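Contents: one structure, followed by commentary.
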Amino acid sequence: MRAVLMFTMIAILGASMSHAAEGAAGPTLDQCNVVWDTPGGDSSGSMPIGNGDIGLNVWVEDNGDLLLLISKTDAWDENNLLVKVGRVRVSWPHAPFAKGAAFRQELKLQEGLIEVSGGEGKNATTVRVWVDANRPVVCVDAEGAQASAMTARLEPWRTETRSLNKEEAQATRQPEAENGGQVTPDVIMEDGNGCVVWYHRNEASLWAEGMKLQGMGPVMDQFTDPLLHRNFGAAMAGEGMVRKDALTLQSKAPSKAQRLRVYPLTAQTPTAQAWREQLDALVMQNAAADPAKALDDHRNWWREFWNRSWIRISGDGGAETVTRAYALQRWMGACAGRGAYPIKFNGSIFTVEWREKGELKSDPDYRRWGGAYWWQNTRLPYWPMLASGDYDLMQPVFRMYFDSLPLAKARNRIWFGCDGAFMAETMSSWGMFCNIDYGRERDGLKTGEMVNKYIRWIWSSGLDLTMMMLDYYDHTGDEALLKEKLLPWADEMLLYFDTRFKRDAGGKLLIEPTQSIETYQDGVTNDTPSVAGLRAVLPRLLALPEDRTSAEMRARWQRLLQETPELTIRERRGKKVVLPAATFQKRGNCENPELYALFPFRLYGVGRPDVRVARDTFDARVEKSFFGWQQAPIQAAMLGLTDEARNMLVTNAKRKDEGSRFPAFWGPNYDWIPDQDHGGNLLNTAQTMLMQADGKQILLFPAWPKDWDVQFKLHAPANTTVEGVWRAGKLEALTVTPAERRQDLKVMDPQ
């Protein structure tokens, strides 16, 4: 066991330790900026930027044109694909950014913007691109040494009705949909009222067909189709710019300064005209904003964001790589994490055209694995937001899954005749399985029988989300979330286990049919993720203040805890290890479900009982991969395995997509580009190496390399922040806020 030093042993460092972390020498956020000295060429050479809901991929082509590929977190088309809003090309007659000229494109993290500068002498031009952190506006501000005209042109690609190709249909997870699996064209408005205006309107939807297929026809009138008559599009306007045609804006007269604004909007309206009226109101509301104040407010938002938390490491090349990867992945999460829907694991809102070895394979709307949310993937960008203090970014994931609860309860009654709800492992944004997973050919199948064996009996997902909500509550003390979401959600998940499954001869819960995540699909009883989830969640719910729950709830939870079986542990080769289930047959995928007892359910860990069992289980794992959605780096850190965690972390921080220029476009790994599972796990690993919380106790440096210097600020339960500097083998600075939480901190000895 590693040496542990109580916080009182380091208190002698006194006032010199207070508030010193940010000012200490070492890597800074500005050193994580991305700088390019040549144009990107095409969308694979783009930088991502966003305001949490609206996103851009920004690049400069060799001819000097600036391209904006616009996205939004709620731009769902009729096929339930999260697609792009549009693409805009910005150009100048003197082409200041053309290949061969002086050029610089910089992502300025601290300011939340991209700056492009190029040309020399009279041709010198600087363009600032930003998506207002406080308003739904895309901003392009240009300044030149000489007066010039600017042109902004919409470049639509959804121009005609066509059928989805094979790859696109597979990505929808809804082949042979009622609407024929068609892509329908955008509408370019002839009457733009001085603006370029376009939109896509869903005049068809696969929702009704899916509800009927999956046995939900009797309750359809209780729910609303979320796709039908959804409109997404934008208005484009510019200061001193006039509409040349339906696609183009152009400067009315040459000027040294130009401002272009794009106002995206998604709304579900009975008519397209109603959407247009909402758009006009949006433009009117935001167009009058003072540009200088808006930019100042935008910069302030980003400065406050970066001040929430940080991890900046030095000591070797691997440390510096991790520092930059950590900052850029947090940037990606913030740029896409405040919208109407959660971050898509398979590319977020920053997907671009599919290219292989330079060959164009798709339009900008394609993403592998389509529009569904896989919980085992969706959760991974969200777990590290707790230690980062990015609580606002977690709201979309809580909201979407909680909003699916009424449908999940109705499904339980129809499918299984039981109470409560289970969370579909793979689901649409409204909570239903994809039709391809449920199965269109129903001969011989009962209502509720799934054909996709990889996901049909995964029941632990809802417990995983409950665990995350409990952590959020412990961090924030958010009583509204506890009352309005956490307790109702948790109780329905537990009611499902209580009323769906029988008890064995000993009175213990017998969970079958079930499977152990995707890897063990046949002959499974009492899968370890479900058992671990119950054994982790129930005691935490019972520990809540009694006035937050009811006596009936607590009595039922206490009984269910007593009826929950123990984890299945067996001795193998002289060592005790956790098994993936009580019974199971051959492997069918590449996960290590037995380690869900470690992460996410934390029944084991540094300083906890039986950590030797967990370490032996980790050593005995079958699947050794650790990229993408694999959780081994986090689990190694939780076990205090410093060398293994560091090697995995550094390797993953270097694992970018070879075809993408941006250094944090991970993947595709198992999913798509940029892979948000991979990025989320990278953040979580670094945080867990540095700090872990177990109840009230905070462990500092549980898996930290002694030769890595680090400046850090992280968040812990009870609205606590821990800020410090470890340098040259010593703790040089440490501040715990509030001060009374110092007594709960243990500083471990880095190895």
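By convention here, the chains of the structure tokens are called A, B, ... in the order presented, each chain's residues are numbered starting at 1, and ligands are numbered starting at 1 in the order presented.
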Stretch 714-725 of chain A environment, 9 Å, only C-alpha atoms, sequence neighbours closer than 2 positions dropped, as a PyMOL selection string | chain A and resi 17-22+24+308-311+386-389+471-477+687+691-693+695-696+698+709-712+727+730-738+741
Could you pull the residues within 7 Å of stretch 158-168 of chain A, counting only C-alpha atoms, minus those fewer than 2 positions along the same chain, as an MDAnalysis selection string?
-> chainID A and resid 156 170:172 181:186 366
For the residues in that selection, give me N, CA and C atoms as a short mmCIF file (atom, residue, chain, number, x, y, z; two decimals), in the first residue's frame.
data_model
loop_
_atom_site.label_atom_id
_atom_site.label_comp_id
_atom_site.auth_asym_id
_atom_site.auth_seq_id
_atom_site.Cartn_x
_atom_site.Cartn_y
_atom_site.Cartn_z
N PRO A 156 -25.35 25.09 -50.79
CA PRO A 156 -26.20 23.96 -50.40
C PRO A 156 -25.78 22.68 -51.12
N GLN A 170 -27.54 2.46 -43.46
CA GLN A 170 -27.05 1.71 -42.31
C GLN A 170 -26.82 2.64 -41.12
N ALA A 171 -26.34 3.84 -41.41
CA ALA A 171 -26.06 4.80 -40.34
C ALA A 171 -27.33 5.26 -39.65
N THR A 172 -28.45 5.30 -40.36
CA THR A 172 -29.70 5.73 -39.72
C THR A 172 -30.20 4.73 -38.71
N GLY A 181 -36.58 6.31 -46.75
CA GLY A 181 -35.20 6.62 -46.48
C GLY A 181 -34.65 7.66 -47.43
N GLN A 182 -35.36 8.74 -47.58
CA GLN A 182 -34.98 9.75 -48.56
C GLN A 182 -34.37 10.99 -47.91
N VAL A 183 -33.45 11.61 -48.64
CA VAL A 183 -32.95 12.93 -48.32
C VAL A 183 -33.77 13.93 -49.12
N THR A 184 -34.32 14.91 -48.46
CA THR A 184 -35.12 15.92 -49.15
C THR A 184 -34.35 17.23 -49.22
N PRO A 185 -34.64 18.08 -50.20
CA PRO A 185 -33.84 19.29 -50.40
C PRO A 185 -34.15 20.39 -49.40
N ASP A 186 -33.17 21.25 -49.20
CA ASP A 186 -33.38 22.47 -48.44
C ASP A 186 -34.18 23.46 -49.29
N TYR A 366 -22.89 12.87 -43.32
CA TYR A 366 -22.66 11.46 -42.94
C TYR A 366 -21.94 11.36 -41.60
#
Shell around A:Thr351 at 9 Å using only C-alpha atoms, local window under 3 positions removed, as a list of chain:residue names | A:Asn57, A:Lys84, A:Asn346, A:Gly347, A:Ser348, A:Trp354, A:Pro364, A:Asp365, A:Tyr366, A:Arg367, A:Trp672, A:Ile673, A:Pro674
Got a sec: who's within 7 Å of A:Asn452, counting only C-alpha atoms, leaving out chain neighbours fewer than 4 positions off, as a ChimeraX atom specification?
-> /A:437-438,456
Go ahead and dump the residues you just picked, C-alpha atoms, as an mmCIF file, in the first residue's frame.
data_model
loop_
_atom_site.group_PDB
_atom_site.id
_atom_site.type_symbol
_atom_site.label_atom_id
_atom_site.label_comp_id
_atom_site.auth_asym_id
_atom_site.auth_seq_id
_atom_site.Cartn_x
_atom_site.Cartn_y
_atom_site.Cartn_z
ATOM 1 C CA ASP A 437 -32.281 -3.339 -33.612
ATOM 2 C CA TYR A 438 -35.864 -4.132 -32.679
ATOM 3 C CA ARG A 456 -31.411 -6.564 -26.236
#
Selected residue, from A:Gly112, A:Gly370, A:Gly628, A:Gly431, that lies nearest to A:Leu29 when counting only C-alpha atoms |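 The closest residue to A:Leu29 is A:Gly112.
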So that I can check the surroundings of stretch 599-614 of chain A, please list as a compact mmCIF listing (two decimals) with C-alpha atoms, in the first residue's frame every protein, DNA and RNA residue that reaches within 6 Å of it, counting only C-alpha atoms and ignoring chain neighbours fewer than 5 positions away.
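Saved as around-v8.txt:
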# COMPACT_ATOMS: atom_id res chain seq x y z
CA GLY A 533 -25.01 -0.96 -10.12
CA ALA A 536 -23.55 0.95 -5.59
CA LYS A 576 -9.70 -14.13 -6.47
CA VAL A 577 -11.29 -12.32 -9.40
CA MET A 638 -8.61 3.99 -9.91
CA LEU A 639 -6.40 1.11 -8.79
DSSP strand (DSSP E) residues within stretch 255-306 of chain A, listed as a ChimeraX atom specification = /A:255-268
Minimum-distance residue to A:Glu143, chosen among A:Gln585, A:Gln285, A:Gly100, A:Trp92 (using only C-alpha atoms) =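 Of all the options, A:Trp92 lies closest to A:Glu143.
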In Å, rounded to a single decimal, give me how far atom CA of A:Met423 is from atom CA of A:Asp53.
->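 If I compute the distance from atom CA of A:Asp53 to atom CA of A:Met423, I get 25.0 Å.
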Could you find all residues in stretch 227-442 of chain A that DSSP calls helix (DSSP H, G or I) from the backbone, and write them as number ranges by chain?
-> A: 272-287, 291-308, 317-336, 375-378, 385-388, 391-403, 405-415, 435-438
Considering only C-alpha atoms, give me a table of residues in stretch 318-371 of chain A that are at most 10 Å from stretch 677-682 of chain A, with the closest atom pair and distance in Å for each, as JSON lines.
{"residue": "A:Val322", "atom": "CA", "partner": "A:Leu682", "partner_atom": "CA", "distance": 8.5}
{"residue": "A:Ala325", "atom": "CA", "partner": "A:Leu682", "partner_atom": "CA", "distance": 8.1}
{"residue": "A:Tyr326", "atom": "CA", "partner": "A:Leu682", "partner_atom": "CA", "distance": 7.2}
{"residue": "A:Leu328", "atom": "CA", "partner": "A:Gly679", "partner_atom": "CA", "distance": 9.1}
{"residue": "A:Gln329", "atom": "CA", "partner": "A:Gly679", "partner_atom": "CA", "distance": 5.9}
{"residue": "A:Arg330", "atom": "CA", "partner": "A:Gly679", "partner_atom": "CA", "distance": 8.6}
{"residue": "A:Met332", "atom": "CA", "partner": "A:Gly679", "partner_atom": "CA", "distance": 9.0}
{"residue": "A:Gly333", "atom": "CA", "partner": "A:Gly680", "partner_atom": "CA", "distance": 8.7}
{"residue": "A:Lys344", "atom": "CA", "partner": "A:Asp677", "partner_atom": "CA", "distance": 9.4}
{"residue": "A:Phe345", "atom": "CA", "partner": "A:Asp677", "partner_atom": "CA", "distance": 5.9}
{"residue": "A:Asn346", "atom": "CA", "partner": "A:Asp677", "partner_atom": "CA", "distance": 8.0}
{"residue": "A:Gly347", "atom": "CA", "partner": "A:Asp677", "partner_atom": "CA", "distance": 9.4}
To one decimal in Å, tell me the separation between atom CA of A:Ala319 and atom CA of A:Thr642.
->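 Those two atoms sit 13.7 Å apart.
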